[in-house]
Amino acid sequence: MWKIKRLHELSTIELLNIMIERVSIFVVEQNCPYQEIDLDDKNCIHVFKEEDNKIIAYFRLIETDKYIKLGRVIVNKNYRGKRLGNELLNKVKEICDEIYPNYDIYAQAQAHLEKYYNQIGLKKESDIYLEDNIPHIDMYYRR
């Protein structure tokens with residue numbers, strides 16, 4: 001079951017498990033030292049799925065004046081290739097349609113994942129650029 005929580009609703013263990021999984025993927029696995037935990041975590045919606053008290057999938061949604069920013073999209077490496085990523089994207093669209101029906105959705109996506117994000121209507125709107133030395137593109141779902 002997917003959990004949808006704001007920071008103050010997360011248990012200490014849930015928050016710890018989210019941070020462990022994010023750092024494991026974005027910093028360690030991708031060999032990319034950067035400030036992974038940031039102040040956006042304070043004001044976003046955290047959406048995650050657990051199994052055996054471990055985060056197996058996660059994303060966050062940040063509300064801005066112009067759009068909803070999709071970020072920190074992860075699937076635990078032991079669960080990749082099992083269509084959990086597709087389930088995750090469907091959850092993104094479902095939550096945005098329900099909570100933010102009038103907002104565009106924006107993602108600063110790793111360039112090699114463009115077709116993955118196309119599944120929910122996100123379209124490339126930038127050239128490829130480097131972010132933390134990883135090729136990225138800006139993608140939008142325009143309402």
# chains A, B, ... in the order shown; residues from 1 in each chain; ligands from 1
>>> select_by_dssp(residues="range 12-135 of chain A", states="alpha helix (DSSP H)", output="PyMOL selection string")
chain A and resi 12-22+84-99+114-118
>>> write_last_selection(atoms="C-alpha atoms", output="PDB file, in the first residue's frame")
ATOM      1  CA  THR A  12      10.895   8.852  12.858  1.00  0.00           C
ATOM      2  CA  ILE A  13      11.540   5.389  11.405  1.00  0.00           C
ATOM      3  CA  GLU A  14       9.723   6.206   8.126  1.00  0.00           C
ATOM      4  CA  LEU A  15      11.770   9.377   7.711  1.00  0.00           C
ATOM      5  CA  LEU A  16      15.000   7.548   8.521  1.00  0.00           C
ATOM      6  CA  ASN A  17      14.179   4.775   6.025  1.00  0.00           C
ATOM      7  CA  ILE A  18      13.333   7.305   3.301  1.00  0.00           C
ATOM      8  CA  MET A  19      16.602   9.179   3.817  1.00  0.00           C
ATOM      9  CA  ILE A  20      18.626   5.961   3.893  1.00  0.00           C
ATOM     10  CA  GLU A  21      17.126   4.792   0.591  1.00  0.00           C
ATOM     11  CA  ARG A  22      17.500   8.170  -1.120  1.00  0.00           C
ATOM     12  CA  LEU A  84       7.005  -1.118  -9.698  1.00  0.00           C
ATOM     13  CA  GLY A  85       8.239   1.966 -11.541  1.00  0.00           C
ATOM     14  CA  ASN A  86       5.112   1.932 -13.702  1.00  0.00           C
ATOM     15  CA  GLU A  87       2.967   1.623 -10.592  1.00  0.00           C
ATOM     16  CA  LEU A  88       4.872   4.547  -9.106  1.00  0.00           C
ATOM     17  CA  LEU A  89       4.222   6.753 -12.148  1.00  0.00           C
ATOM     18  CA  ASN A  90       0.526   5.894 -12.091  1.00  0.00           C
ATOM     19  CA  LYS A  91       0.494   6.958  -8.435  1.00  0.00           C
ATOM     20  CA  VAL A  92       2.140  10.284  -9.358  1.00  0.00           C
ATOM     21  CA  LYS A  93      -0.583  10.985 -11.920  1.00  0.00           C
ATOM     22  CA  GLU A  94      -3.370   9.837  -9.595  1.00  0.00           C
ATOM     23  CA  ILE A  95      -2.234  12.075  -6.725  1.00  0.00           C
ATOM     24  CA  CYS A  96      -1.627  15.084  -8.969  1.00  0.00           C
ATOM     25  CA  ASP A  97      -5.052  14.668 -10.602  1.00  0.00           C
ATOM     26  CA  GLU A  98      -6.710  14.418  -7.190  1.00  0.00           C
ATOM     27  CA  ILE A  99      -4.829  17.006  -5.121  1.00  0.00           C
ATOM     28  CA  GLU A 114      12.676  10.310 -20.895  1.00  0.00           C
ATOM     29  CA  LYS A 115      10.546   7.449 -22.284  1.00  0.00           C
ATOM     30  CA  TYR A 116       9.777   6.266 -18.760  1.00  0.00           C
ATOM     31  CA  TYR A 117       8.310   9.662 -17.847  1.00  0.00           C
ATOM     32  CA  ASN A 118       6.460   9.885 -21.173  1.00  0.00           C
TER      33      ASN A 118
END
>>> select_by_dssp(residues="chain A", states="strand (DSSP E)", output="PyMOL selection string")
chain A and resi 2-6+45-51+54-63+67-75+104-110+123-124+129-131+134-141
>>> write_last_selection(atoms="N, CA and C atoms", output="short mmCIF file (atom, residue, chain, number, x, y, z; two decimals), in the first residue's frame")
data_model
loop_
_atom_site.label_atom_id
_atom_site.label_comp_id
_atom_site.auth_asym_id
_atom_site.auth_seq_id
_atom_site.Cartn_x
_atom_site.Cartn_y
_atom_site.Cartn_z
N TRP A 2 0.52 2.20 -0.82
CA TRP A 2 1.24 3.47 -0.88
C TRP A 2 0.86 4.35 0.29
N LYS A 3 1.84 5.03 0.86
CA LYS A 3 1.60 5.98 1.94
C LYS A 3 1.86 7.38 1.40
N ILE A 4 1.01 8.31 1.79
CA ILE A 4 1.11 9.70 1.36
C ILE A 4 1.13 10.55 2.62
N LYS A 5 2.27 11.22 2.88
CA LYS A 5 2.40 11.95 4.14
C LYS A 5 3.21 13.23 3.96
N ARG A 6 2.88 14.20 4.78
CA ARG A 6 3.72 15.39 4.92
C ARG A 6 4.77 15.08 5.98
N ILE A 45 4.99 16.66 -0.26
CA ILE A 45 4.27 15.42 0.04
C ILE A 45 5.24 14.28 -0.26
N HIS A 46 5.43 13.41 0.71
CA HIS A 46 6.28 12.23 0.55
C HIS A 46 5.36 11.04 0.25
N VAL A 47 5.64 10.34 -0.82
CA VAL A 47 4.82 9.19 -1.21
C VAL A 47 5.75 7.99 -1.31
N PHE A 48 5.38 6.91 -0.63
CA PHE A 48 6.29 5.76 -0.60
C PHE A 48 5.54 4.46 -0.39
N LYS A 49 6.23 3.40 -0.76
CA LYS A 49 5.72 2.05 -0.57
C LYS A 49 6.79 1.28 0.18
N GLU A 50 6.36 0.50 1.17
CA GLU A 50 7.29 -0.26 1.99
C GLU A 50 7.03 -1.76 1.87
N GLU A 51 8.07 -2.52 2.14
CA GLU A 51 7.94 -3.95 2.28
C GLU A 51 8.96 -4.37 3.34
N LYS A 54 11.10 -1.61 4.81
CA LYS A 54 12.09 -0.96 3.96
C LYS A 54 11.35 -0.23 2.84
N ILE A 55 11.90 0.90 2.45
CA ILE A 55 11.34 1.66 1.34
C ILE A 55 11.68 0.93 0.05
N ILE A 56 10.65 0.60 -0.73
CA ILE A 56 10.91 -0.06 -2.02
C ILE A 56 10.64 0.88 -3.20
N ALA A 57 9.88 1.94 -2.94
CA ALA A 57 9.64 2.96 -3.97
C ALA A 57 9.27 4.26 -3.26
N TYR A 58 9.62 5.37 -3.89
CA TYR A 58 9.43 6.68 -3.24
C TYR A 58 9.45 7.78 -4.30
N PHE A 59 8.69 8.84 -4.04
CA PHE A 59 8.84 10.11 -4.76
C PHE A 59 8.29 11.21 -3.87
N ARG A 60 8.64 12.43 -4.21
CA ARG A 60 8.08 13.57 -3.49
C ARG A 60 7.48 14.54 -4.48
N LEU A 61 6.48 15.28 -4.02
CA LEU A 61 5.81 16.29 -4.81
C LEU A 61 5.93 17.62 -4.08
N ILE A 62 6.47 18.61 -4.79
CA ILE A 62 6.68 19.93 -4.21
C ILE A 62 5.76 20.91 -4.94
N GLU A 63 4.91 21.59 -4.19
CA GLU A 63 4.00 22.58 -4.77
C GLU A 63 4.72 23.91 -4.91
N TYR A 67 3.71 25.15 -10.73
CA TYR A 67 3.61 23.74 -11.08
C TYR A 67 3.86 22.88 -9.85
N ILE A 68 3.63 21.58 -10.02
CA ILE A 68 4.01 20.59 -9.02
C ILE A 68 5.32 19.97 -9.50
N LYS A 69 6.32 19.98 -8.66
CA LYS A 69 7.62 19.41 -9.03
C LYS A 69 7.71 17.98 -8.51
N LEU A 70 7.89 17.06 -9.42
CA LEU A 70 8.10 15.66 -9.10
C LEU A 70 9.60 15.46 -8.89
N GLY A 71 9.96 14.84 -7.79
CA GLY A 71 11.37 14.65 -7.54
C GLY A 71 11.68 13.44 -6.69
N ARG A 72 12.97 13.12 -6.65
CA ARG A 72 13.52 12.03 -5.86
C ARG A 72 12.80 10.71 -6.15
N VAL A 73 12.55 10.47 -7.41
CA VAL A 73 11.85 9.25 -7.83
C VAL A 73 12.80 8.07 -7.73
N ILE A 74 12.44 7.09 -6.91
CA ILE A 74 13.32 5.93 -6.73
C ILE A 74 12.54 4.63 -6.65
N VAL A 75 13.18 3.59 -7.12
CA VAL A 75 12.75 2.22 -6.90
C VAL A 75 13.98 1.49 -6.38
N ASP A 104 0.35 22.18 -13.61
CA ASP A 104 1.22 21.41 -14.48
C ASP A 104 2.14 20.58 -13.59
N ILE A 105 2.70 19.51 -14.16
CA ILE A 105 3.66 18.68 -13.44
C ILE A 105 5.02 18.88 -14.11
N TYR A 106 6.03 19.13 -13.31
CA TYR A 106 7.39 19.35 -13.81
C TYR A 106 8.33 18.31 -13.20
N ALA A 107 9.25 17.81 -14.01
CA ALA A 107 10.30 16.92 -13.50
C ALA A 107 11.62 17.29 -14.14
N GLN A 108 12.63 17.38 -13.32
CA GLN A 108 14.00 17.53 -13.80
C GLN A 108 14.52 16.09 -13.86
N ALA A 109 14.39 15.48 -15.03
CA ALA A 109 14.60 14.05 -15.16
C ALA A 109 15.97 13.71 -15.71
N GLN A 110 16.51 12.59 -15.27
CA GLN A 110 17.71 12.09 -15.91
C GLN A 110 17.35 11.75 -17.35
N LYS A 123 6.53 15.59 -21.13
CA LYS A 123 7.21 15.79 -22.40
C LYS A 123 8.46 16.64 -22.20
N LYS A 124 9.49 16.29 -22.94
CA LYS A 124 10.77 17.00 -22.88
C LYS A 124 10.58 18.44 -23.37
N TYR A 129 21.23 18.85 -20.30
CA TYR A 129 22.20 19.63 -19.55
C TYR A 129 22.72 18.78 -18.40
N LEU A 130 23.84 19.16 -17.86
CA LEU A 130 24.42 18.42 -16.74
C LEU A 130 23.95 19.00 -15.42
N GLU A 131 23.48 18.13 -14.57
CA GLU A 131 23.14 18.47 -13.19
C GLU A 131 23.88 17.47 -12.32
N ILE A 134 25.40 14.62 -14.25
CA ILE A 134 24.52 13.61 -14.83
C ILE A 134 23.63 14.31 -15.86
N PRO A 135 23.51 13.77 -17.09
CA PRO A 135 22.65 14.39 -18.10
C PRO A 135 21.19 14.41 -17.66
N HIS A 136 20.59 15.60 -17.72
CA HIS A 136 19.19 15.80 -17.33
C HIS A 136 18.44 16.54 -18.43
N ILE A 137 17.11 16.47 -18.34
CA ILE A 137 16.22 17.28 -19.17
C ILE A 137 15.07 17.78 -18.31
N ASP A 138 14.49 18.89 -18.72
CA ASP A 138 13.28 19.39 -18.08
C ASP A 138 12.09 18.81 -18.81
N MET A 139 11.13 18.29 -18.05
CA MET A 139 9.94 17.68 -18.62
C MET A 139 8.70 18.25 -17.95
N TYR A 140 7.63 18.41 -18.73
CA TYR A 140 6.37 18.95 -18.22
C TYR A 140 5.18 18.13 -18.70
N TYR A 141 4.20 18.06 -17.84
CA TYR A 141 2.87 17.62 -18.23
C TYR A 141 2.02 18.88 -18.12
#
>>> atom_distance(atom1="CA of Asn76 in chain A", atom2="CA of Phe26 in chain A")
11.2 Å
>>> closest_residue(among="A:Asp127, A:Asn133, A:Val28, A:Asn102", to="Lys66 in chain A", atoms="only C-alpha atoms")
A:Asn102
>>> closest_residue(among="A:Asp52, A:Leu7, A:Asp132, A:Met1", to="Asp40 in chain A", atoms="only C-alpha atoms")
A:Leu7
>>> closest_residue(among="A:Ile37, A:Gly121, A:Ile25, A:Pro101", to="Asn78 in chain A", atoms="only C-alpha atoms")
A:Ile25
